[in-house]
>>> print(open('query_5.cif').read())   # mmCIF, N, CA and C atoms
data_target
#
loop_
_atom_site.label_atom_id
_atom_site.label_comp_id
_atom_site.auth_asym_id
_atom_site.auth_seq_id
_atom_site.Cartn_x
_atom_site.Cartn_y
_atom_site.Cartn_z
N MET A 571 97.21 58.86 87.22
CA MET A 571 97.67 57.75 86.41
C MET A 571 96.45 56.99 85.86
N ARG A 572 96.48 56.72 84.60
CA ARG A 572 95.38 56.03 83.95
C ARG A 572 95.70 54.54 83.89
N THR A 573 94.70 53.70 84.25
CA THR A 573 94.91 52.26 84.19
C THR A 573 94.20 51.71 82.96
N SER A 574 94.77 50.67 82.40
CA SER A 574 94.14 50.07 81.22
C SER A 574 93.06 49.10 81.65
N ALA A 575 92.07 48.93 80.80
CA ALA A 575 90.96 48.02 81.09
C ALA A 575 91.46 46.59 81.08
N ASN A 576 90.74 45.73 81.76
CA ASN A 576 91.03 44.31 81.82
C ASN A 576 90.89 43.70 80.42
N PRO A 577 91.97 43.12 79.87
CA PRO A 577 91.90 42.54 78.52
C PRO A 577 90.85 41.44 78.38
N SER A 578 90.66 40.62 79.42
CA SER A 578 89.65 39.57 79.37
C SER A 578 88.26 40.17 79.29
N LYS A 579 88.03 41.23 80.05
CA LYS A 579 86.73 41.92 80.03
C LYS A 579 86.48 42.52 78.65
N GLN A 580 87.53 43.12 78.07
CA GLN A 580 87.40 43.71 76.72
C GLN A 580 87.05 42.63 75.70
N LYS A 581 87.68 41.47 75.82
CA LYS A 581 87.42 40.35 74.91
C LYS A 581 85.96 39.90 75.04
N GLY A 582 85.48 39.78 76.27
CA GLY A 582 84.09 39.38 76.50
C GLY A 582 83.11 40.41 75.97
N THR A 583 83.40 41.68 76.21
CA THR A 583 82.53 42.76 75.72
C THR A 583 82.48 42.76 74.20
N ARG A 584 83.61 42.54 73.57
CA ARG A 584 83.67 42.48 72.11
C ARG A 584 82.83 41.31 71.58
N TYR A 585 82.92 40.15 72.25
CA TYR A 585 82.13 38.99 71.82
C TYR A 585 80.64 39.23 72.01
N GLU A 586 80.24 39.88 73.09
CA GLU A 586 78.83 40.22 73.30
C GLU A 586 78.33 41.08 72.13
N GLY A 587 79.15 42.04 71.71
CA GLY A 587 78.79 42.88 70.58
C GLY A 587 78.67 42.09 69.29
N GLU A 588 79.56 41.14 69.09
CA GLU A 588 79.49 40.30 67.89
C GLU A 588 78.20 39.48 67.86
N ILE A 589 77.84 38.91 69.01
CA ILE A 589 76.59 38.14 69.08
C ILE A 589 75.40 39.05 68.81
N ARG A 590 75.37 40.20 69.48
CA ARG A 590 74.27 41.16 69.28
C ARG A 590 74.13 41.50 67.81
N ASP A 591 75.23 41.86 67.17
CA ASP A 591 75.18 42.24 65.75
C ASP A 591 74.74 41.08 64.87
N PHE A 592 75.23 39.88 65.15
CA PHE A 592 74.86 38.69 64.38
C PHE A 592 73.36 38.44 64.48
N LEU A 593 72.82 38.46 65.70
CA LEU A 593 71.39 38.19 65.88
C LEU A 593 70.52 39.31 65.32
N ASN A 594 70.93 40.55 65.52
CA ASN A 594 70.14 41.67 65.01
C ASN A 594 70.10 41.68 63.49
N ALA A 595 71.16 41.21 62.85
CA ALA A 595 71.18 41.13 61.39
C ALA A 595 70.21 40.06 60.88
N ARG A 596 69.73 39.22 61.81
CA ARG A 596 68.79 38.16 61.45
C ARG A 596 67.40 38.42 62.00
N GLY A 597 67.12 39.69 62.31
CA GLY A 597 65.76 40.09 62.65
C GLY A 597 65.42 40.18 64.12
N PHE A 598 66.37 39.91 64.98
CA PHE A 598 66.11 40.03 66.42
C PHE A 598 66.41 41.46 66.86
N GLU A 599 66.04 41.77 68.08
CA GLU A 599 66.34 43.09 68.66
C GLU A 599 67.07 42.87 69.98
N VAL A 600 68.29 42.37 69.87
CA VAL A 600 69.10 42.01 71.02
C VAL A 600 69.90 43.22 71.48
N LYS A 601 70.00 43.35 72.81
CA LYS A 601 70.80 44.44 73.38
C LYS A 601 71.62 43.93 74.54
N ARG A 602 72.75 44.55 74.74
CA ARG A 602 73.59 44.25 75.91
C ARG A 602 72.95 44.90 77.13
N VAL A 603 73.10 44.25 78.27
CA VAL A 603 72.52 44.78 79.50
C VAL A 603 73.61 45.02 80.54
N VAL A 604 73.32 45.92 81.46
CA VAL A 604 74.24 46.27 82.53
C VAL A 604 74.30 45.12 83.53
N GLN A 605 75.50 44.76 83.94
CA GLN A 605 75.68 43.71 84.93
C GLN A 605 75.21 44.20 86.29
N MET A 606 74.61 43.30 87.08
CA MET A 606 74.02 43.69 88.35
C MET A 606 74.53 42.84 89.52
N GLY A 607 75.74 42.32 89.44
CA GLY A 607 76.30 41.55 90.54
C GLY A 607 75.50 40.28 90.80
N ARG A 608 75.08 40.07 92.06
CA ARG A 608 74.35 38.86 92.44
C ARG A 608 73.02 38.74 91.71
N ALA A 609 72.45 39.85 91.32
CA ALA A 609 71.16 39.85 90.61
C ALA A 609 71.36 39.95 89.10
N ASP A 610 72.54 39.56 88.62
CA ASP A 610 72.86 39.65 87.19
C ASP A 610 71.77 38.98 86.37
N GLN A 611 71.45 39.57 85.24
CA GLN A 611 70.38 39.08 84.38
C GLN A 611 70.89 38.65 83.01
N GLY A 612 72.12 38.22 82.93
CA GLY A 612 72.68 37.78 81.67
C GLY A 612 73.34 38.92 80.92
N ASP A 613 74.00 38.58 79.83
CA ASP A 613 74.73 39.57 79.04
C ASP A 613 73.88 40.22 77.97
N LEU A 614 72.95 39.46 77.38
CA LEU A 614 72.17 39.94 76.25
C LEU A 614 70.69 39.59 76.44
N HIS A 615 69.83 40.54 76.13
CA HIS A 615 68.38 40.34 76.16
C HIS A 615 67.82 40.62 74.77
N GLY A 616 66.62 40.10 74.51
CA GLY A 616 65.95 40.34 73.24
C GLY A 616 65.93 39.12 72.34
N TYR A 617 66.56 38.04 72.77
CA TYR A 617 66.49 36.76 72.07
C TYR A 617 65.27 36.07 72.68
N PRO A 618 64.20 35.88 71.93
CA PRO A 618 62.91 35.50 72.51
C PRO A 618 63.00 34.38 73.55
N LEU A 619 62.38 34.67 74.70
CA LEU A 619 62.24 33.75 75.82
C LEU A 619 63.56 33.41 76.52
N HIS A 620 64.64 34.06 76.15
CA HIS A 620 65.97 33.72 76.67
C HIS A 620 66.71 34.92 77.23
N ILE A 621 67.68 34.60 78.08
CA ILE A 621 68.81 35.50 78.29
C ILE A 621 70.00 34.74 77.70
N ILE A 622 70.96 35.51 77.23
CA ILE A 622 72.18 34.91 76.69
C ILE A 622 73.33 35.29 77.60
N GLU A 623 74.08 34.28 78.00
CA GLU A 623 75.33 34.48 78.72
C GLU A 623 76.42 34.21 77.70
N ALA A 624 77.25 35.22 77.42
CA ALA A 624 78.29 35.10 76.39
C ALA A 624 79.63 34.76 77.04
N LYS A 625 80.35 33.82 76.46
CA LYS A 625 81.65 33.42 76.98
C LYS A 625 82.66 33.37 75.84
N SER A 626 83.74 34.09 76.03
CA SER A 626 84.86 34.06 75.09
C SER A 626 86.08 33.69 75.91
N VAL A 627 86.25 32.39 76.13
CA VAL A 627 87.29 31.88 77.03
C VAL A 627 88.05 30.73 76.39
N LYS A 628 89.25 30.48 76.90
CA LYS A 628 90.05 29.37 76.37
C LYS A 628 89.60 28.03 76.92
N SER A 629 89.24 28.00 78.21
CA SER A 629 88.81 26.72 78.80
C SER A 629 87.35 26.86 79.25
N PHE A 630 86.60 25.78 79.05
CA PHE A 630 85.16 25.80 79.32
C PHE A 630 84.87 25.10 80.64
N ASP A 631 84.01 25.71 81.43
CA ASP A 631 83.45 25.07 82.61
C ASP A 631 81.94 25.00 82.36
N LEU A 632 81.55 24.04 81.52
CA LEU A 632 80.16 23.98 81.08
C LEU A 632 79.16 23.91 82.23
N PRO A 633 79.37 23.07 83.26
CA PRO A 633 78.38 23.05 84.34
C PRO A 633 78.20 24.43 85.00
N ALA A 634 79.28 25.13 85.24
CA ALA A 634 79.20 26.46 85.86
C ALA A 634 78.54 27.46 84.90
N PHE A 635 78.86 27.38 83.63
CA PHE A 635 78.27 28.29 82.64
C PHE A 635 76.75 28.10 82.57
N VAL A 636 76.30 26.84 82.53
CA VAL A 636 74.87 26.55 82.42
C VAL A 636 74.14 26.97 83.69
N ARG A 637 74.73 26.69 84.86
CA ARG A 637 74.12 27.13 86.12
C ARG A 637 73.97 28.65 86.13
N GLN A 638 75.00 29.34 85.67
CA GLN A 638 74.96 30.81 85.62
C GLN A 638 73.84 31.29 84.70
N ALA A 639 73.74 30.72 83.51
CA ALA A 639 72.70 31.13 82.56
C ALA A 639 71.30 30.85 83.12
N ASP A 640 71.12 29.69 83.75
CA ASP A 640 69.82 29.36 84.33
C ASP A 640 69.45 30.32 85.46
N ARG A 641 70.41 30.63 86.33
CA ARG A 641 70.18 31.55 87.44
C ARG A 641 69.84 32.95 86.92
N GLU A 642 70.56 33.39 85.91
CA GLU A 642 70.34 34.73 85.37
C GLU A 642 69.02 34.81 84.60
N ALA A 643 68.58 33.71 84.00
CA ALA A 643 67.25 33.70 83.35
C ALA A 643 66.17 33.91 84.40
N VAL A 644 66.30 33.25 85.54
CA VAL A 644 65.33 33.44 86.62
C VAL A 644 65.35 34.90 87.08
N ASN A 645 66.55 35.46 87.28
CA ASN A 645 66.68 36.86 87.70
C ASN A 645 66.01 37.81 86.72
N ALA A 646 66.08 37.47 85.42
CA ALA A 646 65.54 38.34 84.37
C ALA A 646 64.07 38.05 84.08
N GLY A 647 63.51 37.02 84.72
CA GLY A 647 62.11 36.68 84.46
C GLY A 647 61.89 36.01 83.11
N GLN A 648 62.93 35.35 82.62
CA GLN A 648 62.83 34.63 81.34
C GLN A 648 62.82 33.13 81.60
N PRO A 649 62.12 32.35 80.77
CA PRO A 649 62.05 30.91 81.03
C PRO A 649 63.32 30.13 80.69
N PHE A 650 64.18 30.68 79.84
CA PHE A 650 65.32 29.91 79.37
C PHE A 650 66.61 30.72 79.41
N GLY A 651 67.67 30.05 79.82
CA GLY A 651 69.01 30.61 79.72
C GLY A 651 69.80 29.80 78.72
N VAL A 652 70.68 30.46 78.00
CA VAL A 652 71.55 29.77 77.06
C VAL A 652 72.92 30.44 77.11
N VAL A 653 73.96 29.63 76.96
CA VAL A 653 75.32 30.13 76.93
C VAL A 653 75.81 30.08 75.50
N PHE A 654 76.27 31.21 74.98
CA PHE A 654 76.91 31.24 73.67
C PHE A 654 78.41 31.29 73.93
N ILE A 655 79.13 30.32 73.38
CA ILE A 655 80.57 30.22 73.60
C ILE A 655 81.28 30.43 72.27
N LYS A 656 82.23 31.33 72.30
CA LYS A 656 83.01 31.65 71.09
C LYS A 656 83.90 30.48 70.71
N LYS A 657 83.88 30.13 69.45
CA LYS A 657 84.81 29.13 68.92
C LYS A 657 86.03 29.88 68.40
N ALA A 658 87.19 29.47 68.85
CA ALA A 658 88.43 30.15 68.48
C ALA A 658 88.61 30.17 66.96
N ARG A 659 89.03 31.33 66.47
CA ARG A 659 89.34 31.51 65.05
C ARG A 659 88.19 31.10 64.14
N ALA A 660 86.97 31.40 64.55
CA ALA A 660 85.79 31.03 63.76
C ALA A 660 84.79 32.18 63.80
N SER A 661 83.85 32.13 62.89
CA SER A 661 82.82 33.17 62.85
C SER A 661 81.87 33.02 64.03
N THR A 662 81.11 34.06 64.30
CA THR A 662 80.13 34.03 65.37
C THR A 662 79.14 32.88 65.15
N ALA A 663 78.73 32.66 63.92
CA ALA A 663 77.76 31.60 63.60
C ALA A 663 78.29 30.22 63.94
N ASP A 664 79.59 30.05 64.00
CA ASP A 664 80.18 28.74 64.27
C ASP A 664 80.44 28.50 65.76
N GLY A 665 80.05 29.46 66.61
CA GLY A 665 80.19 29.26 68.05
C GLY A 665 79.21 28.22 68.54
N TYR A 666 79.19 28.05 69.86
CA TYR A 666 78.37 27.02 70.46
C TYR A 666 77.25 27.63 71.31
N ALA A 667 76.08 27.02 71.25
CA ALA A 667 74.95 27.37 72.13
C ALA A 667 74.77 26.19 73.07
N VAL A 668 74.85 26.45 74.37
CA VAL A 668 74.83 25.36 75.36
C VAL A 668 73.75 25.62 76.39
N ARG A 669 73.01 24.58 76.71
CA ARG A 669 72.01 24.61 77.78
C ARG A 669 71.91 23.20 78.34
N SER A 670 71.29 23.06 79.48
CA SER A 670 71.11 21.72 80.04
C SER A 670 70.07 20.96 79.22
N ILE A 671 70.10 19.65 79.32
CA ILE A 671 69.10 18.83 78.63
C ILE A 671 67.71 19.16 79.18
N ALA A 672 67.60 19.36 80.50
CA ALA A 672 66.30 19.70 81.09
C ALA A 672 65.75 20.98 80.49
N THR A 673 66.60 21.99 80.32
CA THR A 673 66.16 23.26 79.72
C THR A 673 65.77 23.04 78.27
N ASP A 674 66.54 22.24 77.55
CA ASP A 674 66.23 21.98 76.15
C ASP A 674 64.89 21.27 76.01
N VAL A 675 64.61 20.31 76.88
CA VAL A 675 63.33 19.60 76.84
C VAL A 675 62.18 20.57 77.12
N ARG A 676 62.34 21.47 78.10
CA ARG A 676 61.30 22.47 78.36
C ARG A 676 61.06 23.35 77.14
N LEU A 677 62.15 23.76 76.47
CA LEU A 677 62.04 24.59 75.28
C LEU A 677 61.32 23.85 74.15
N ILE A 678 61.71 22.62 73.89
CA ILE A 678 61.11 21.84 72.81
C ILE A 678 59.65 21.53 73.12
N ASN A 679 59.33 21.25 74.39
CA ASN A 679 57.92 21.03 74.76
C ASN A 679 57.10 22.29 74.47
N ARG A 680 57.65 23.44 74.80
CA ARG A 680 56.93 24.69 74.55
C ARG A 680 56.73 24.91 73.05
N LEU A 681 57.76 24.66 72.27
CA LEU A 681 57.68 24.81 70.82
C LEU A 681 56.67 23.82 70.24
N ARG A 682 56.73 22.58 70.69
CA ARG A 682 55.78 21.56 70.19
C ARG A 682 54.35 21.97 70.50
N ASP A 683 54.11 22.42 71.74
CA ASP A 683 52.76 22.82 72.13
C ASP A 683 52.27 24.03 71.32
N ALA A 684 53.16 24.99 71.09
CA ALA A 684 52.78 26.18 70.32
C ALA A 684 52.47 25.80 68.87
N GLU A 685 53.27 24.92 68.29
CA GLU A 685 53.00 24.50 66.92
C GLU A 685 51.71 23.70 66.82
N GLN A 686 51.43 22.88 67.82
CA GLN A 686 50.17 22.12 67.80
C GLN A 686 48.98 23.07 67.90
N LEU A 687 49.10 24.07 68.75
CA LEU A 687 48.04 25.06 68.88
C LEU A 687 47.80 25.79 67.55
N LEU A 688 48.89 26.19 66.91
CA LEU A 688 48.77 26.85 65.61
C LEU A 688 48.15 25.91 64.58
N ARG A 689 48.59 24.66 64.57
CA ARG A 689 48.04 23.67 63.64
C ARG A 689 46.53 23.52 63.86
N ASP A 690 46.11 23.48 65.12
CA ASP A 690 44.69 23.30 65.44
C ASP A 690 43.85 24.53 65.10
N LEU A 691 44.37 25.71 65.39
CA LEU A 691 43.58 26.94 65.24
C LEU A 691 43.69 27.58 63.85
N ALA A 692 44.80 27.37 63.18
CA ALA A 692 45.01 28.02 61.87
C ALA A 692 45.86 27.10 61.00
N PRO A 693 45.27 26.03 60.48
CA PRO A 693 46.05 25.05 59.72
C PRO A 693 46.82 25.60 58.53
N GLU A 694 46.21 26.55 57.80
CA GLU A 694 46.90 27.10 56.64
C GLU A 694 48.13 27.91 57.06
N THR A 695 47.97 28.67 58.12
CA THR A 695 49.10 29.44 58.65
C THR A 695 50.19 28.50 59.13
N PHE A 696 49.79 27.43 59.80
CA PHE A 696 50.79 26.46 60.25
C PHE A 696 51.55 25.88 59.07
N GLU A 697 50.87 25.54 57.99
CA GLU A 697 51.55 24.96 56.83
C GLU A 697 52.58 25.93 56.25
N ARG A 698 52.23 27.21 56.15
CA ARG A 698 53.20 28.21 55.67
C ARG A 698 54.39 28.31 56.61
N HIS A 699 54.11 28.36 57.89
CA HIS A 699 55.16 28.44 58.91
C HIS A 699 56.07 27.21 58.82
N ASN A 700 55.46 26.05 58.75
CA ASN A 700 56.22 24.81 58.71
C ASN A 700 57.09 24.73 57.46
N LYS A 701 56.52 25.09 56.32
CA LYS A 701 57.28 25.05 55.06
C LYS A 701 58.47 26.01 55.11
N ARG A 702 58.22 27.23 55.62
CA ARG A 702 59.32 28.22 55.69
C ARG A 702 60.47 27.71 56.55
N HIS A 703 60.17 27.08 57.67
CA HIS A 703 61.23 26.63 58.55
C HIS A 703 61.88 25.34 58.08
N GLN A 704 61.18 24.52 57.34
CA GLN A 704 61.81 23.34 56.76
C GLN A 704 62.79 23.75 55.67
N GLU A 705 62.43 24.77 54.90
CA GLU A 705 63.32 25.24 53.83
C GLU A 705 64.58 25.89 54.40
N ALA A 706 64.47 26.44 55.60
CA ALA A 706 65.61 27.11 56.20
C ALA A 706 66.63 26.14 56.79
N ALA A 707 66.24 24.89 56.95
CA ALA A 707 67.12 23.90 57.58
C ALA A 707 68.27 23.51 56.69
#
>>> encode(input="query_5.cif", output="structure tokens")
Amino acid sequence: MRTSANPSKQKGTRYEGEIRDFLNARGFEVKRVVQMGRADQGDLHGYPLHIIEAKSVKSFDLPAFVRQADREAVNAGQPFGVVFIKKARASTADGYAVRSIATDVRLINRLRDAEQLLRDLAPETFERHNKRHQEAA
């Protein structure tokens, strides 16, 4: 007798694929990873400095989701975890990216320091970089 797969698992797997495809279409090299139980390392790798924990659920438990992403980032040897949450009846781009404020501050400090280093060592390159990202906003 053949059993059908768990519909919730299928929904989550489908959302992981949507995120992967969305990010890869924007120049990243994101891939789904095999789950490892207690040593789980997140759902998606290849998003720089992060693991992504993908959630396609009706009700959100944000504290548990963020703790999970942070724990899995440590397991994967990445500095940051982020939870991507699917927004019902919306495109992948309209979903939510969630992390703790502490994690966000660490990320922004790292970005600020890297940009300052670039500004100090290669001012012309920094100006091109800065202009490109201001135009993208």
>>> residues_around(input="query_5.cif", residues="region 664-674 of chain A", least_positions_apart="2", cutoff="6.5 Å", atoms="only N, CA and C atoms", output="list of chain:residue names")
A:Val636, A:Gly651, A:Val652, A:Val653, A:Phe654, A:Ile655, A:Lys656, A:Lys657, A:Ala660, A:Ser661, A:Thr662, A:Arg676, A:Leu677, A:Ile678, A:Asn679
>>> write_last_selection(input="query_5.cif", atoms="N, CA and C atoms", output="compact mmCIF listing (two decimals), in the coordinates of the input")
# COMPACT_ATOMS: atom_id res chain seq x y z
N VAL A 636 76.30 26.84 82.53
CA VAL A 636 74.87 26.55 82.42
C VAL A 636 74.14 26.97 83.69
N GLY A 651 67.67 30.05 79.82
CA GLY A 651 69.01 30.61 79.72
C GLY A 651 69.80 29.80 78.72
N VAL A 652 70.68 30.46 78.00
CA VAL A 652 71.55 29.77 77.06
C VAL A 652 72.92 30.44 77.11
N VAL A 653 73.96 29.63 76.96
CA VAL A 653 75.32 30.13 76.93
C VAL A 653 75.81 30.08 75.50
N PHE A 654 76.27 31.21 74.98
CA PHE A 654 76.91 31.24 73.67
C PHE A 654 78.41 31.29 73.93
N ILE A 655 79.13 30.32 73.38
CA ILE A 655 80.57 30.22 73.60
C ILE A 655 81.28 30.43 72.27
N LYS A 656 82.23 31.33 72.30
CA LYS A 656 83.01 31.65 71.09
C LYS A 656 83.90 30.48 70.71
N LYS A 657 83.88 30.13 69.45
CA LYS A 657 84.81 29.13 68.92
C LYS A 657 86.03 29.88 68.40
N ALA A 660 86.97 31.40 64.55
CA ALA A 660 85.79 31.03 63.76
C ALA A 660 84.79 32.18 63.80
N SER A 661 83.85 32.13 62.89
CA SER A 661 82.82 33.17 62.85
C SER A 661 81.87 33.02 64.03
N THR A 662 81.11 34.06 64.30
CA THR A 662 80.13 34.03 65.37
C THR A 662 79.14 32.88 65.15
N ARG A 676 62.34 21.47 78.10
CA ARG A 676 61.30 22.47 78.36
C ARG A 676 61.06 23.35 77.14
N LEU A 677 62.15 23.76 76.47
CA LEU A 677 62.04 24.59 75.28
C LEU A 677 61.32 23.85 74.15
N ILE A 678 61.71 22.62 73.89
CA ILE A 678 61.11 21.84 72.81
C ILE A 678 59.65 21.53 73.12
N ASN A 679 59.33 21.25 74.39
CA ASN A 679 57.92 21.03 74.76
C ASN A 679 57.10 22.29 74.47
>>> closest_residue(input="query_5.cif", among="A:Ala692, A:Val600, A:His699, A:Asp631", to="Gly616 (chain A)", atoms="only N, CA and C atoms")
A:Val600
>>> atom_distance(input="query_5.cif", atom1="CA of Val603 (chain A)", atom2="atom N of Arg682 (chain A)")
28.6 Å
>>> atom_distance(input="query_5.cif", atom1="CA of Gln580 (chain A)", atom2="atom C of Ile621 (chain A)")
19.6 Å
>>> atom_distance(input="query_5.cif", atom1="CA of His703 (chain A)", atom2="CA of Lys601 (chain A)")
25.1 Å
>>> select_by_dssp(input="query_5.cif", residues="region 604-641 of chain A", states="strand (DSSP E or B)", output="list of chain:residue names")
A:Leu614, A:His615, A:His620, A:Ile621, A:Ile622, A:Glu623, A:Ala624, A:Lys625
>>> axis_aligned_box(input="query_5.cif", around="region 578-593 of chain A", padding_each_side="5 Å", output="JSON")
{"center_x": 80.6, "center_y": 40.9, "center_z": 72.2, "size_x": 30.1, "size_y": 15.6, "size_z": 25.7}
>>> select_by_dssp(input="query_5.cif", residues="region 575-676 of chain A", states="helix (DSSP H, G or I)", output="number ranges by chain")
A: 577-594, 607-609, 632-646, 662-664, 671-676
>>> resolve_selection(input="query_5.cif", expression="the PyMOL selection byres (((chain A and resi 627 and name CA) around 9) and name CA)", output="JSON, numbers by chain")
{"A": [578, 581, 582, 625, 626, 628, 629, 630, 655, 656, 657, 658]}
